[in-house]
>>> print(open('run_17.cif').read())   # mmCIF, C-alpha atoms
data_final
#
loop_
_atom_site.label_atom_id
_atom_site.label_comp_id
_atom_site.auth_asym_id
_atom_site.auth_seq_id
_atom_site.Cartn_x
_atom_site.Cartn_y
_atom_site.Cartn_z
CA MET F 710 -8.01 8.10 -21.34
CA ARG F 711 -10.17 6.07 -19.03
CA ARG F 712 -11.64 2.77 -20.14
CA ALA F 713 -15.34 2.74 -20.93
CA ALA F 714 -17.75 0.59 -18.97
CA GLY F 715 -18.57 -2.87 -20.24
CA CYS F 716 -16.40 -5.75 -21.37
CA LEU F 717 -18.03 -7.11 -24.51
CA PRO F 718 -15.62 -8.42 -27.12
CA ILE F 719 -14.90 -6.65 -30.42
CA VAL F 720 -15.86 -8.42 -33.62
CA LEU F 721 -13.00 -8.34 -36.10
CA LEU F 722 -13.87 -8.26 -39.82
CA LEU F 723 -11.03 -9.33 -42.08
CA LEU F 724 -11.15 -9.93 -45.82
CA THR F 725 -8.87 -12.65 -47.14
CA VAL F 726 -7.50 -12.19 -50.63
CA THR F 727 -5.15 -14.71 -52.27
CA GLY F 728 -3.81 -15.85 -48.94
CA CYS F 729 -3.20 -12.33 -47.58
CA SER F 730 -5.41 -10.39 -45.15
CA SER F 731 -6.37 -6.78 -45.75
CA VAL F 732 -8.86 -4.34 -44.26
CA MET F 733 -11.39 -2.53 -46.42
CA ALA F 734 -13.26 0.67 -45.69
CA GLY F 735 -15.48 0.75 -48.70
CA ASP F 736 -15.20 3.92 -50.76
CA ASP F 737 -15.00 6.32 -47.84
CA GLN F 738 -18.78 6.24 -47.65
CA PRO F 739 -20.53 9.08 -45.85
CA GLU F 740 -22.28 8.28 -42.61
CA THR F 741 -25.50 6.58 -43.76
CA ALA F 742 -26.53 5.15 -40.41
CA ASP F 743 -27.73 7.17 -37.42
CA VAL F 744 -24.22 7.18 -36.01
CA THR F 745 -21.82 9.80 -34.71
CA ILE F 746 -18.12 9.05 -35.09
CA SER F 747 -15.47 11.14 -33.36
CA PRO F 748 -13.06 12.09 -34.83
CA PRO F 749 -15.29 12.62 -37.89
CA LEU F 750 -14.64 10.55 -40.98
CA ASN F 751 -12.50 12.28 -43.60
CA SER F 752 -10.75 14.40 -40.97
CA THR F 753 -7.13 15.18 -41.85
CA GLU F 754 -5.87 16.71 -38.57
CA ALA F 755 -7.94 14.78 -36.03
CA ASP F 756 -7.30 15.24 -32.32
CA THR F 757 -5.82 12.11 -30.72
CA ARG F 758 -6.47 12.68 -27.03
CA GLN F 759 -10.01 11.37 -26.64
CA GLY F 760 -9.43 8.30 -28.77
CA LEU F 761 -12.12 6.97 -31.11
CA ILE F 762 -15.76 7.24 -29.96
CA VAL F 763 -18.74 5.79 -31.85
CA ARG F 764 -22.30 6.55 -30.72
CA ALA F 765 -25.60 5.24 -32.07
CA GLY F 766 -28.28 7.93 -32.33
CA SER F 767 -31.00 5.28 -32.21
CA GLY F 768 -30.95 1.51 -32.04
CA THR F 769 -27.79 -0.33 -31.00
CA LEU F 770 -24.29 -0.85 -32.26
CA THR F 771 -23.96 -4.40 -33.54
CA GLY F 772 -20.38 -4.12 -34.69
CA VAL F 773 -17.50 -1.64 -34.55
CA THR F 774 -14.11 -2.38 -36.09
CA ALA F 775 -11.27 0.08 -36.37
CA TYR F 776 -7.83 -0.54 -37.84
CA LEU F 777 -4.44 1.06 -37.78
CA ASP F 778 -1.97 -0.33 -40.31
CA GLY F 779 -4.14 -3.43 -40.59
CA ALA F 780 -4.14 -4.12 -36.84
CA PRO F 781 -7.40 -3.86 -34.87
CA VAL F 782 -7.78 -0.95 -32.47
CA PRO F 783 -8.74 -2.24 -29.01
CA GLY F 784 -11.97 -0.85 -27.58
CA ARG F 785 -15.25 -1.81 -25.94
CA PHE F 786 -18.99 -1.18 -25.85
CA ASP F 787 -20.86 0.33 -22.95
CA GLY F 788 -23.54 -1.71 -21.21
CA THR F 789 -26.31 -0.67 -23.62
CA ARG F 790 -24.20 -1.03 -26.78
CA SER F 791 -25.04 2.53 -27.68
CA THR F 792 -21.42 3.72 -27.38
CA TRP F 793 -18.07 2.21 -28.30
CA ARG F 794 -14.74 3.72 -27.17
CA SER F 795 -11.18 2.86 -27.98
CA ASP F 796 -9.19 1.87 -24.93
CA TRP F 797 -6.47 4.46 -25.44
CA ALA F 798 -5.62 7.63 -27.36
CA LEU F 799 -4.99 7.54 -31.10
CA ALA F 800 -1.54 7.50 -32.66
CA PRO F 801 -0.59 10.86 -34.21
CA ASP F 802 0.07 11.35 -37.92
CA ARG F 803 -1.62 8.05 -38.84
CA GLU F 804 -4.62 6.91 -40.89
CA TYR F 805 -7.46 4.97 -39.25
CA ILE F 806 -10.15 2.89 -40.96
CA VAL F 807 -13.56 2.53 -39.28
CA ASN F 808 -16.49 0.19 -40.02
CA VAL F 809 -19.75 0.46 -38.03
CA THR F 810 -22.99 -1.54 -38.18
CA THR F 811 -26.18 -0.63 -36.33
CA ALA F 812 -29.56 -2.23 -35.83
CA ALA F 813 -32.88 -0.44 -35.28
CA ASP F 814 -36.47 -1.53 -35.82
CA GLY F 815 -35.42 -4.79 -37.47
CA THR F 816 -33.14 -3.13 -40.03
CA THR F 817 -29.37 -2.80 -40.18
CA ALA F 818 -27.21 0.00 -41.53
CA THR F 819 -23.50 0.39 -42.15
CA THR F 820 -21.06 3.27 -42.05
CA SER F 821 -17.46 3.06 -43.25
CA GLY F 822 -14.69 5.54 -43.74
CA ARG F 823 -11.32 6.78 -42.68
CA PHE F 824 -9.60 9.74 -41.05
CA ARG F 825 -6.06 10.91 -40.35
CA THR F 826 -4.74 12.23 -37.04
CA LEU F 827 -2.78 15.41 -36.44
CA THR F 828 0.96 15.80 -36.93
CA PRO F 829 2.56 16.96 -33.65
CA ALA F 830 5.02 19.84 -33.49
CA ARG F 831 7.16 17.93 -30.96
CA THR F 832 7.17 14.45 -29.47
CA PHE F 833 8.07 12.76 -26.20
CA GLN F 834 8.52 9.18 -25.07
CA VAL F 835 9.63 6.98 -22.20
CA GLU F 836 13.34 7.43 -21.64
CA SER F 837 13.83 4.64 -19.08
CA VAL F 838 11.90 2.24 -16.86
CA ILE F 839 12.93 0.47 -13.65
CA PRO F 840 12.64 -2.55 -13.26
CA ALA F 841 14.42 -3.85 -16.34
CA PRO F 842 12.45 -6.07 -18.75
CA ASP F 843 11.99 -9.60 -17.37
CA GLU F 844 13.82 -8.73 -14.13
CA THR F 845 12.81 -10.56 -10.94
CA VAL F 846 12.48 -8.07 -8.08
CA GLY F 847 11.66 -7.88 -4.40
CA VAL F 848 8.24 -7.19 -2.90
CA GLY F 849 8.95 -3.51 -2.24
CA MET F 850 9.97 -2.66 -5.81
CA PRO F 851 8.60 0.57 -7.31
CA VAL F 852 8.05 1.21 -11.01
CA ILE F 853 10.13 4.28 -11.91
CA VAL F 854 9.41 5.95 -15.26
CA ASP F 855 11.47 8.76 -16.79
CA PHE F 856 10.30 10.78 -19.81
CA THR F 857 12.31 12.55 -22.50
CA ALA F 858 10.48 15.87 -22.03
CA PRO F 859 8.78 17.74 -19.16
CA VAL F 860 5.17 16.73 -18.61
CA GLU F 861 2.72 19.57 -18.03
CA ASP F 862 -0.50 17.58 -18.41
CA ARG F 863 0.35 15.06 -15.71
CA ALA F 864 -3.21 13.76 -15.41
CA ALA F 865 -3.37 12.79 -19.10
CA VAL F 866 -0.05 10.98 -18.94
CA GLU F 867 -0.89 9.28 -15.66
CA GLN F 868 -4.15 7.96 -17.10
CA ALA F 869 -2.17 6.35 -19.90
CA LEU F 870 0.04 4.33 -17.53
CA GLU F 871 -1.16 0.79 -16.86
CA VAL F 872 0.05 -1.79 -14.33
CA ARG F 873 -1.33 -5.32 -14.44
CA SER F 874 -0.40 -8.30 -12.28
CA THR F 875 -1.42 -11.93 -11.86
CA ARG F 876 -2.31 -11.16 -8.24
CA PRO F 877 -3.77 -7.67 -8.63
CA VAL F 878 -2.94 -4.97 -6.11
CA GLU F 879 -4.04 -1.42 -5.42
CA GLY F 880 -1.36 1.14 -6.18
CA ALA F 881 -0.80 4.77 -7.14
CA TRP F 882 1.51 7.02 -9.13
CA HIS F 883 3.50 9.81 -7.50
CA TRP F 884 5.21 12.57 -9.48
CA VAL F 885 8.78 13.14 -8.30
CA SER F 886 9.53 15.77 -10.96
CA ASP F 887 8.24 16.99 -14.34
CA THR F 888 10.08 14.12 -16.03
CA GLN F 889 9.74 11.29 -13.50
CA VAL F 890 6.78 9.45 -12.00
CA VAL F 891 6.86 6.48 -9.61
CA TYR F 892 4.31 3.72 -9.00
CA ARG F 893 4.07 2.00 -5.61
CA PRO F 894 1.57 -0.56 -4.35
CA ARG F 895 -0.43 0.40 -1.29
CA ARG F 896 1.15 -2.56 0.46
CA GLU F 897 4.05 -4.71 -0.66
CA TRP F 898 3.61 -6.81 -3.80
CA PRO F 899 2.30 -10.33 -3.19
CA ALA F 900 5.26 -12.64 -3.78
CA HIS F 901 5.73 -15.07 -6.68
CA GLN F 902 3.81 -13.41 -9.51
CA ARG F 903 4.10 -11.68 -12.89
CA VAL F 904 3.62 -7.96 -13.49
CA SER F 905 3.42 -5.91 -16.69
CA PHE F 906 3.76 -2.14 -17.00
CA THR F 907 2.62 -0.37 -20.19
CA ALA F 908 2.85 3.31 -21.04
CA HIS F 909 0.12 3.91 -23.64
CA LEU F 910 1.66 7.22 -24.68
CA SER F 911 0.89 7.21 -28.39
CA GLY F 912 -1.40 10.19 -28.98
CA VAL F 913 -1.20 11.47 -25.40
CA ARG F 914 -0.42 15.18 -25.04
CA ALA F 915 2.26 15.97 -22.45
CA ALA F 916 2.27 19.72 -23.11
CA LYS F 917 1.06 22.10 -25.80
CA GLY F 918 2.17 20.68 -29.14
CA VAL F 919 4.01 17.73 -27.49
CA TYR F 920 2.56 14.27 -28.13
CA GLY F 921 3.65 10.71 -27.53
CA THR F 922 4.21 8.62 -30.63
CA ALA F 923 4.98 5.16 -29.20
CA ASP F 924 3.87 2.86 -26.39
CA ARG F 925 6.29 1.02 -24.09
CA THR F 926 5.76 -2.28 -22.24
CA VAL F 927 8.03 -3.74 -19.55
CA PRO F 928 7.17 -7.15 -18.07
CA PHE F 929 8.81 -8.25 -14.81
CA ALA F 930 8.37 -10.75 -12.00
CA VAL F 931 8.07 -10.45 -8.22
CA GLY F 932 10.10 -13.15 -6.49
CA ARG F 933 10.01 -14.44 -2.95
CA GLU F 934 9.26 -12.08 -0.07
CA GLN F 935 12.51 -11.19 1.67
CA VAL F 936 12.57 -8.46 4.32
CA SER F 937 15.65 -7.66 6.42
CA HIS F 938 15.38 -6.05 9.86
CA ILE F 939 18.38 -4.20 11.28
CA ASP F 940 18.52 -2.87 14.84
CA ALA F 941 21.39 -0.41 15.27
CA GLU F 942 20.98 -0.43 19.06
CA THR F 943 21.33 -4.18 19.48
CA HIS F 944 23.71 -4.46 16.48
CA GLN F 945 21.73 -7.34 14.99
CA MET F 946 20.25 -8.09 11.57
CA ARG F 947 17.52 -10.64 10.87
CA VAL F 948 16.54 -11.76 7.35
CA VAL F 949 13.00 -13.11 6.92
CA ARG F 950 12.06 -14.95 3.72
CA ASP F 951 8.46 -15.97 3.06
CA GLY F 952 7.70 -15.71 6.76
CA GLU F 953 10.69 -17.70 8.04
CA VAL F 954 13.94 -16.41 9.51
CA VAL F 955 16.71 -17.59 7.18
CA GLN F 956 19.71 -15.66 8.53
CA ARG F 957 20.88 -13.80 11.60
CA MET F 958 23.86 -11.50 11.38
CA ALA F 959 25.84 -9.49 13.92
CA ILE F 960 26.41 -6.04 12.40
CA SER F 961 28.05 -2.69 13.01
CA ALA F 962 26.27 0.48 11.87
CA GLY F 963 27.22 4.15 11.65
CA MET F 964 29.27 5.58 14.52
CA ALA F 965 26.86 8.57 14.69
CA THR F 966 29.54 11.14 15.59
CA THR F 967 28.08 13.32 12.78
CA GLU F 968 24.87 13.22 10.77
CA GLU F 969 26.89 11.94 7.80
CA TYR F 970 28.18 9.02 9.87
CA THR F 971 24.69 8.14 11.20
CA THR F 972 22.83 5.26 9.55
CA THR F 973 19.32 6.30 8.53
CA SER F 974 16.33 4.62 10.16
CA GLY F 975 13.35 3.68 8.01
CA ILE F 976 12.22 1.45 5.17
CA HIS F 977 15.03 1.17 2.64
CA LEU F 978 15.03 -0.85 -0.57
CA THR F 979 18.00 -2.66 -2.07
CA MET F 980 18.87 -0.65 -5.18
CA ASP F 981 21.87 -2.37 -6.73
CA LYS F 982 24.96 -4.34 -5.74
CA ALA F 983 28.57 -4.81 -6.78
CA ASP F 984 31.60 -6.80 -5.69
CA PRO F 985 33.70 -4.84 -5.00
CA VAL F 986 32.63 -1.20 -4.67
CA ARG F 987 35.08 1.68 -4.36
CA MET F 988 34.09 3.92 -1.44
CA VAL F 989 35.63 7.39 -1.11
CA SER F 990 34.93 9.84 1.71
CA PRO F 991 32.75 12.68 0.37
CA GLY F 992 34.10 16.22 0.60
CA ARG F 993 37.50 15.20 1.94
CA LYS F 994 40.90 15.20 0.29
CA LYS F 995 43.72 12.75 0.83
CA GLY F 996 45.55 13.60 4.04
CA GLU F 997 42.57 15.31 5.66
CA PRO F 998 41.00 13.84 8.82
CA GLY F 999 38.35 11.25 8.00
CA PHE F 1000 39.59 10.64 4.46
CA TYR F 1001 39.23 7.10 3.10
CA ASP F 1002 39.49 5.44 -0.30
CA VAL F 1003 38.84 1.71 -0.05
CA MET F 1004 37.50 -1.23 -2.04
CA ILE F 1005 34.64 -2.97 -0.24
CA ASP F 1006 33.43 -6.50 -0.99
CA HIS F 1007 29.85 -7.72 -1.42
CA ALA F 1008 28.21 -4.29 -1.19
CA VAL F 1009 24.41 -3.92 -1.52
CA ARG F 1010 23.29 -0.28 -1.85
CA ILE F 1011 20.21 0.83 0.11
CA SER F 1012 20.18 4.64 -0.36
CA ASN F 1013 21.62 7.50 -2.38
CA SER F 1014 23.48 8.91 0.63
CA GLY F 1015 26.19 6.24 0.48
CA GLU F 1016 24.61 3.54 2.64
CA TYR F 1017 25.34 -0.10 1.87
CA VAL F 1018 25.11 -3.45 3.59
CA HIS F 1019 28.58 -4.85 2.96
CA ALA F 1020 31.39 -7.11 4.13
CA LYS F 1021 34.04 -6.00 6.60
CA ASN F 1022 36.41 -8.07 8.70
CA ASN F 1023 35.93 -6.11 11.92
CA VAL F 1024 34.19 -8.88 13.82
CA TRP F 1025 35.34 -7.35 17.09
CA ALA F 1026 32.77 -4.57 16.60
CA GLN F 1027 29.96 -6.51 14.95
CA GLY F 1028 27.24 -7.28 17.46
CA ARG F 1029 28.85 -4.91 20.00
CA GLN F 1030 29.56 -1.43 18.70
CA ASN F 1031 28.69 0.95 15.83
CA VAL F 1032 31.95 2.09 14.20
CA SER F 1033 31.20 2.60 10.48
CA HIS F 1034 30.88 5.77 8.41
CA GLY F 1035 27.14 5.12 7.99
CA CYS F 1036 27.02 1.74 6.27
CA VAL F 1037 25.97 -1.54 7.83
CA ASN F 1038 28.80 -4.06 7.81
CA ALA F 1039 28.76 -7.77 8.59
CA ARG F 1040 31.09 -10.75 8.71
CA PRO F 1041 32.46 -11.41 5.20
CA ASP F 1042 30.85 -14.82 4.76
CA GLN F 1043 27.44 -13.58 5.91
CA ALA F 1044 27.71 -10.43 3.81
CA ALA F 1045 28.48 -12.64 0.81
CA TRP F 1046 25.35 -14.65 1.60
CA PHE F 1047 23.24 -11.48 1.78
CA PHE F 1048 24.77 -10.23 -1.46
CA GLY F 1049 23.87 -13.45 -3.24
CA SER F 1050 20.34 -13.61 -1.85
CA SER F 1051 19.31 -10.01 -2.56
CA LEU F 1052 17.03 -8.83 -5.37
CA ARG F 1053 16.48 -5.19 -6.27
CA GLY F 1054 13.49 -3.95 -4.32
CA ASP F 1055 13.99 -6.09 -1.21
CA PRO F 1056 12.98 -4.07 1.88
CA VAL F 1057 15.65 -3.39 4.50
CA VAL F 1058 14.03 -1.93 7.62
CA ILE F 1059 16.49 -0.14 9.94
CA SER F 1060 15.72 1.12 13.45
CA GLY F 1061 17.65 2.44 16.44
CA THR F 1062 19.13 5.71 15.12
CA ASP F 1063 18.04 9.34 15.36
CA ARG F 1064 18.44 10.06 11.63
CA GLU F 1065 15.36 9.30 9.55
CA LEU F 1066 15.56 8.18 5.93
CA GLU F 1067 14.16 10.87 3.63
CA TRP F 1068 11.44 9.60 1.26
CA ASN F 1069 13.43 10.78 -1.78
CA ASN F 1070 16.78 9.43 -0.64
CA GLY F 1071 17.25 6.56 -3.07
CA TRP F 1072 14.08 4.49 -3.17
CA GLY F 1073 12.74 5.57 0.21
CA TYR F 1074 9.21 5.75 -1.17
CA TRP F 1075 7.76 3.54 1.57
CA GLN F 1076 8.63 6.27 4.06
CA ARG F 1077 5.52 8.11 2.91
CA SER F 1078 2.14 7.04 4.20
CA TRP F 1079 -0.46 5.97 1.67
CA GLU F 1080 -2.31 9.25 2.15
CA GLU F 1081 0.88 11.24 1.50
CA TRP F 1082 1.65 9.09 -1.52
CA LEU F 1083 -1.76 9.76 -3.07
CA LYS F 1084 -1.19 13.52 -2.82
CA GLY F 1085 1.62 13.14 -5.34
CA SER F 1086 -0.77 11.71 -7.94
CA ALA F 1087 -2.11 14.10 -10.56
CA LEU F 1088 -5.43 12.23 -10.28
CA HIS F 1089 -5.29 12.13 -6.45
CA ALA F 1090 -6.59 8.60 -6.66
CA ALA F 1091 -5.40 5.02 -6.45
CA VAL F 1092 -5.07 2.85 -9.53
CA PRO F 1093 -7.59 -0.01 -9.15
CA PRO F 1094 -6.28 -3.58 -9.34
CA ARG F 1095 -5.95 -4.88 -12.90
CA LEU F 1096 -5.53 -8.52 -13.76
CA LEU F 1097 -2.75 -9.62 -16.06
CA PRO F 1098 -4.67 -11.72 -18.61
CA THR F 1099 -1.95 -14.28 -19.29
CA ALA F 1100 -0.53 -15.87 -16.17
CA LEU F 1101 3.05 -16.69 -17.03
CA PRO F 1102 5.26 -18.72 -14.68
CA THR F 1103 7.62 -16.76 -12.49
CA PRO F 1104 11.23 -17.30 -13.59
CA ALA F 1105 13.39 -19.45 -11.36
CA VAL F 1106 15.67 -17.35 -9.16
CA ASP F 1107 18.84 -18.28 -7.33
CA ASP F 1108 17.94 -16.64 -4.03
CA GLY F 1109 21.02 -17.80 -2.16
CA SER F 1110 19.00 -20.02 0.12
CA THR F 1111 20.72 -21.87 2.91
CA ASN F 1112 19.27 -24.01 5.66
CA PRO F 1113 16.85 -21.64 7.40
CA VAL F 1114 17.51 -20.50 10.94
CA LYS F 1115 14.56 -21.55 13.08
CA PRO F 1116 12.90 -18.45 14.48
CA ASP F 1117 12.78 -17.90 18.20
CA ASP F 1118 10.72 -14.72 17.87
CA SER F 1119 8.10 -13.30 15.55
CA PRO F 1120 9.47 -13.14 11.99
CA SER F 1121 7.54 -9.93 11.20
CA GLY F 1122 8.21 -10.34 7.50
CA GLY F 1123 6.13 -7.42 6.19
CA ILE F 1124 7.45 -3.91 5.71
CA ARG F 1125 4.42 -2.30 7.34
#
>>> encode(input="run_17.cif", output="structure tokens")
Amino acid sequence: MRRAAGCLPIVLLLLTVTGCSSVMAGDDQPETADVTISPPLNSTEADTRQGLIVRAGSGTLTGVTAYLDGAPVPGRFDGTRSTWRSDWALAPDREYIVNVTTAADGTTATTSGRFRTLTPARTFQVESVIPAPDETVGVGMPVIVDFTAPVEDRAAVEQALEVRSTRPVEGAWHWVSDTQVVYRPRREWPAHQRVSFTAHLSGVRAAKGVYGTADRTVPFAVGREQVSHIDAETHQMRVVRDGEVVQRMAISAGMATTEEYTTTSGIHLTMDKADPVRMVSPGRKKGEPGFYDVMIDHAVRISNSGEYVHAKNNVWAQGRQNVSHGCVNARPDQAAWFFGSSLRGDPVVISGTDRELEWNNGWGYWQRSWEEWLKGSALHAAVPPRLLPTALPTPAVDDGSTNPVKPDDSPSGGIR
């Protein structure tokens, strides 16, 4: 559900008894003030989707407190203090306690009571999130969310997904399938900051009879800005970190005798890395032409079609000729440097081939324009920037820095 206008704080009313705190709702009093509460007090199968809404028929709301298991329910007043809304949907199969005070014509009135939310027939939740909790990532990193059940009401689920950052950015969600949605900033993340993703799914309906029962929060950090530029025509790679060229590498790309052996051009992201990686020729058996089964050192994956930046001791070709099966290979010591300096989500921009990276090949999400990306949103709208309230320090990262190579051309660090 969308947040209501206004940002006035909630007054919390706690009663302390013998050193322990508890929340009281009176004796389930009927509504004595000129107030409308939705869901109604004393409900036993209350709908969760719209959250809790309190409206004053006359006068103003001077206090609204709601509790779930003794914890306050977050919410806010509108600008006139005539309406209060909870920030998110209500948890299913749970009891809520509500206390309301109003003021009109110099008098005050109170309303207190409780209600219970519906019991869902089926439930769903977040199955996985990328990045991992507390991971430090590159400036191109998407947020990839998988659900345990197909989502039919994509708009409702999308509204429940929140991304906050210490340097707020504009971004948008894009549905890849019924069970996966991806968030991408409009432009790359500003470097050196904290980000927090929360799925407020509790009480959200994904499909008829299917409700979320738990929220999920994943904090992560954006590290330094590192963008690598690879030109398959000149056989050169340039790594730019925070606006300064830090490495130049002679490379060899795909031999381009077939589409399979052609390196894809476009904006790739580093997805994972391993040392070594076993690489086996797809669709070929041992003894057939083109078969290979080799262990490759310092391999950084950049697509789902088998493309890596990796080490190979064929220095005779690097900087001169494209001879690989589609990967980008470099001198072993430089490939080891790139391996050590890479974070997941670092952009790797490749040019000079006639095969374009598909947007859904690996994390090729930056291949889509912003307008195309917005079309994949159930809301067809960008998520406005949201500030992360607590600015935590970015974790220290071993980025594999060496003495930077002084640039003799424009670094062109950005991915767009």
>>> closest_residue(input="run_17.cif", among="F:Leu761, F:Ile1059, F:Ala830, F:Val1003", to="Glu942 of chain F", atoms="all atoms listed in the file")
F:Ile1059
>>> closest_residue(input="run_17.cif", among="F:Thr1062, F:Pro859, F:Leu770, F:Pro840", to="Thr816 of chain F", atoms="only C-alpha atoms")
F:Leu770
>>> closest_residue(input="run_17.cif", among="F:Phe1048, F:Tyr892, F:Tyr920, F:Phe786", to="Phe906 of chain F", atoms="only C-alpha atoms")
F:Tyr892
>>> atom_distance(input="run_17.cif", atom1="atom CA of Thr857 of chain F", atom2="atom CA of Ile1011 of chain F")
26.7 Å
>>> closest_atom_pairs(input="run_17.cif", of="segment 750-859 of chain F", to="segment 1068-1076 of chain F", cutoff="12 Å", atoms="only C-alpha atoms", output="tab-separated table")
residue	atom	partner	partner_atom	distance
F:Ile839	CA	F:Trp1072	CA	11.3
F:Val848	CA	F:Trp1075	CA	11.6
F:Gly849	CA	F:Trp1075	CA	8.1
F:Met850	CA	F:Trp1072	CA	8.7
F:Pro851	CA	F:Trp1072	CA	7.9
F:Val852	CA	F:Trp1072	CA	10.4
F:Ile853	CA	F:Trp1072	CA	9.6
>>> resolve_selection(input="run_17.cif", expression="the PyMOL selection byres ((chain F and resi 1052) around 12)", output="ChimeraX atom specification")
/F:840,844-850,930-937,978-982,1009-1011,1047-1051,1053-1057,1106-1109
>>> write_last_selection(input="run_17.cif", atoms="C-alpha atoms", output="short mmCIF file (atom, residue, chain, number, x, y, z; two decimals), keeping the file's coordinate frame")
data_model
loop_
_atom_site.label_atom_id
_atom_site.label_comp_id
_atom_site.auth_asym_id
_atom_site.auth_seq_id
_atom_site.Cartn_x
_atom_site.Cartn_y
_atom_site.Cartn_z
CA PRO F 840 12.64 -2.55 -13.26
CA GLU F 844 13.82 -8.73 -14.13
CA THR F 845 12.81 -10.56 -10.94
CA VAL F 846 12.48 -8.07 -8.08
CA GLY F 847 11.66 -7.88 -4.40
CA VAL F 848 8.24 -7.19 -2.90
CA GLY F 849 8.95 -3.51 -2.24
CA MET F 850 9.97 -2.66 -5.81
CA ALA F 930 8.37 -10.75 -12.00
CA VAL F 931 8.07 -10.45 -8.22
CA GLY F 932 10.10 -13.15 -6.49
CA ARG F 933 10.01 -14.44 -2.95
CA GLU F 934 9.26 -12.08 -0.07
CA GLN F 935 12.51 -11.19 1.67
CA VAL F 936 12.57 -8.46 4.32
CA SER F 937 15.65 -7.66 6.42
CA LEU F 978 15.03 -0.85 -0.57
CA THR F 979 18.00 -2.66 -2.07
CA MET F 980 18.87 -0.65 -5.18
CA ASP F 981 21.87 -2.37 -6.73
CA LYS F 982 24.96 -4.34 -5.74
CA VAL F 1009 24.41 -3.92 -1.52
CA ARG F 1010 23.29 -0.28 -1.85
CA ILE F 1011 20.21 0.83 0.11
CA PHE F 1047 23.24 -11.48 1.78
CA PHE F 1048 24.77 -10.23 -1.46
CA GLY F 1049 23.87 -13.45 -3.24
CA SER F 1050 20.34 -13.61 -1.85
CA SER F 1051 19.31 -10.01 -2.56
CA ARG F 1053 16.48 -5.19 -6.27
CA GLY F 1054 13.49 -3.95 -4.32
CA ASP F 1055 13.99 -6.09 -1.21
CA PRO F 1056 12.98 -4.07 1.88
CA VAL F 1057 15.65 -3.39 4.50
CA VAL F 1106 15.67 -17.35 -9.16
CA ASP F 1107 18.84 -18.28 -7.33
CA ASP F 1108 17.94 -16.64 -4.03
CA GLY F 1109 21.02 -17.80 -2.16
#
>>> decode(input="run_17.cif", residues="segment 877-889 of chain F", atoms="N, CA and C atoms", output="PDB file, in the first residue's frame")
ATOM      1  N   PRO F 877      19.968   8.769  -1.994  1.00  0.00           N
ATOM      2  CA  PRO F 877      18.789   8.237  -2.686  1.00  0.00           C
ATOM      3  C   PRO F 877      18.869   8.366  -4.204  1.00  0.00           C
ATOM      4  N   VAL F 878      18.321   7.358  -4.870  1.00  0.00           N
ATOM      5  CA  VAL F 878      18.294   7.333  -6.326  1.00  0.00           C
ATOM      6  C   VAL F 878      16.876   7.027  -6.798  1.00  0.00           C
ATOM      7  N   GLU F 879      16.603   7.340  -8.043  1.00  0.00           N
ATOM      8  CA  GLU F 879      15.364   6.947  -8.685  1.00  0.00           C
ATOM      9  C   GLU F 879      15.568   5.573  -9.314  1.00  0.00           C
ATOM     10  N   GLY F 880      14.620   4.695  -9.132  1.00  0.00           N
ATOM     11  CA  GLY F 880      14.729   3.358  -9.695  1.00  0.00           C
ATOM     12  C   GLY F 880      13.366   2.821 -10.055  1.00  0.00           C
ATOM     13  N   ALA F 881      13.327   1.571 -10.529  1.00  0.00           N
ATOM     14  CA  ALA F 881      12.049   0.961 -10.890  1.00  0.00           C
ATOM     15  C   ALA F 881      12.174  -0.551 -10.856  1.00  0.00           C
ATOM     16  N   TRP F 882      11.027  -1.206 -10.635  1.00  0.00           N
ATOM     17  CA  TRP F 882      10.952  -2.665 -10.663  1.00  0.00           C
ATOM     18  C   TRP F 882      10.536  -3.123 -12.056  1.00  0.00           C
ATOM     19  N   HIS F 883      11.003  -4.313 -12.423  1.00  0.00           N
ATOM     20  CA  HIS F 883      10.698  -4.891 -13.728  1.00  0.00           C
ATOM     21  C   HIS F 883      10.438  -6.383 -13.514  1.00  0.00           C
ATOM     22  N   TRP F 884       9.256  -6.840 -13.918  1.00  0.00           N
ATOM     23  CA  TRP F 884       8.896  -8.240 -13.721  1.00  0.00           C
ATOM     24  C   TRP F 884       9.501  -9.090 -14.831  1.00  0.00           C
ATOM     25  N   VAL F 885      10.341 -10.037 -14.447  1.00  0.00           N
ATOM     26  CA  VAL F 885      10.973 -10.948 -15.390  1.00  0.00           C
ATOM     27  C   VAL F 885      10.098 -12.174 -15.609  1.00  0.00           C
ATOM     28  N   SER F 886       9.383 -12.595 -14.560  1.00  0.00           N
ATOM     29  CA  SER F 886       8.457 -13.721 -14.635  1.00  0.00           C
ATOM     30  C   SER F 886       7.433 -13.568 -13.519  1.00  0.00           C
ATOM     31  N   ASP F 887       6.528 -14.535 -13.386  1.00  0.00           N
ATOM     32  CA  ASP F 887       5.516 -14.478 -12.325  1.00  0.00           C
ATOM     33  C   ASP F 887       6.128 -14.651 -10.941  1.00  0.00           C
ATOM     34  N   THR F 888       7.353 -15.140 -10.867  1.00  0.00           N
ATOM     35  CA  THR F 888       7.981 -15.376  -9.561  1.00  0.00           C
ATOM     36  C   THR F 888       9.246 -14.557  -9.359  1.00  0.00           C
ATOM     37  N   GLN F 889       9.606 -13.693 -10.301  1.00  0.00           N
ATOM     38  CA  GLN F 889      10.829 -12.905 -10.143  1.00  0.00           C
ATOM     39  C   GLN F 889      10.620 -11.461 -10.600  1.00  0.00           C
TER      40      GLN F 889
END
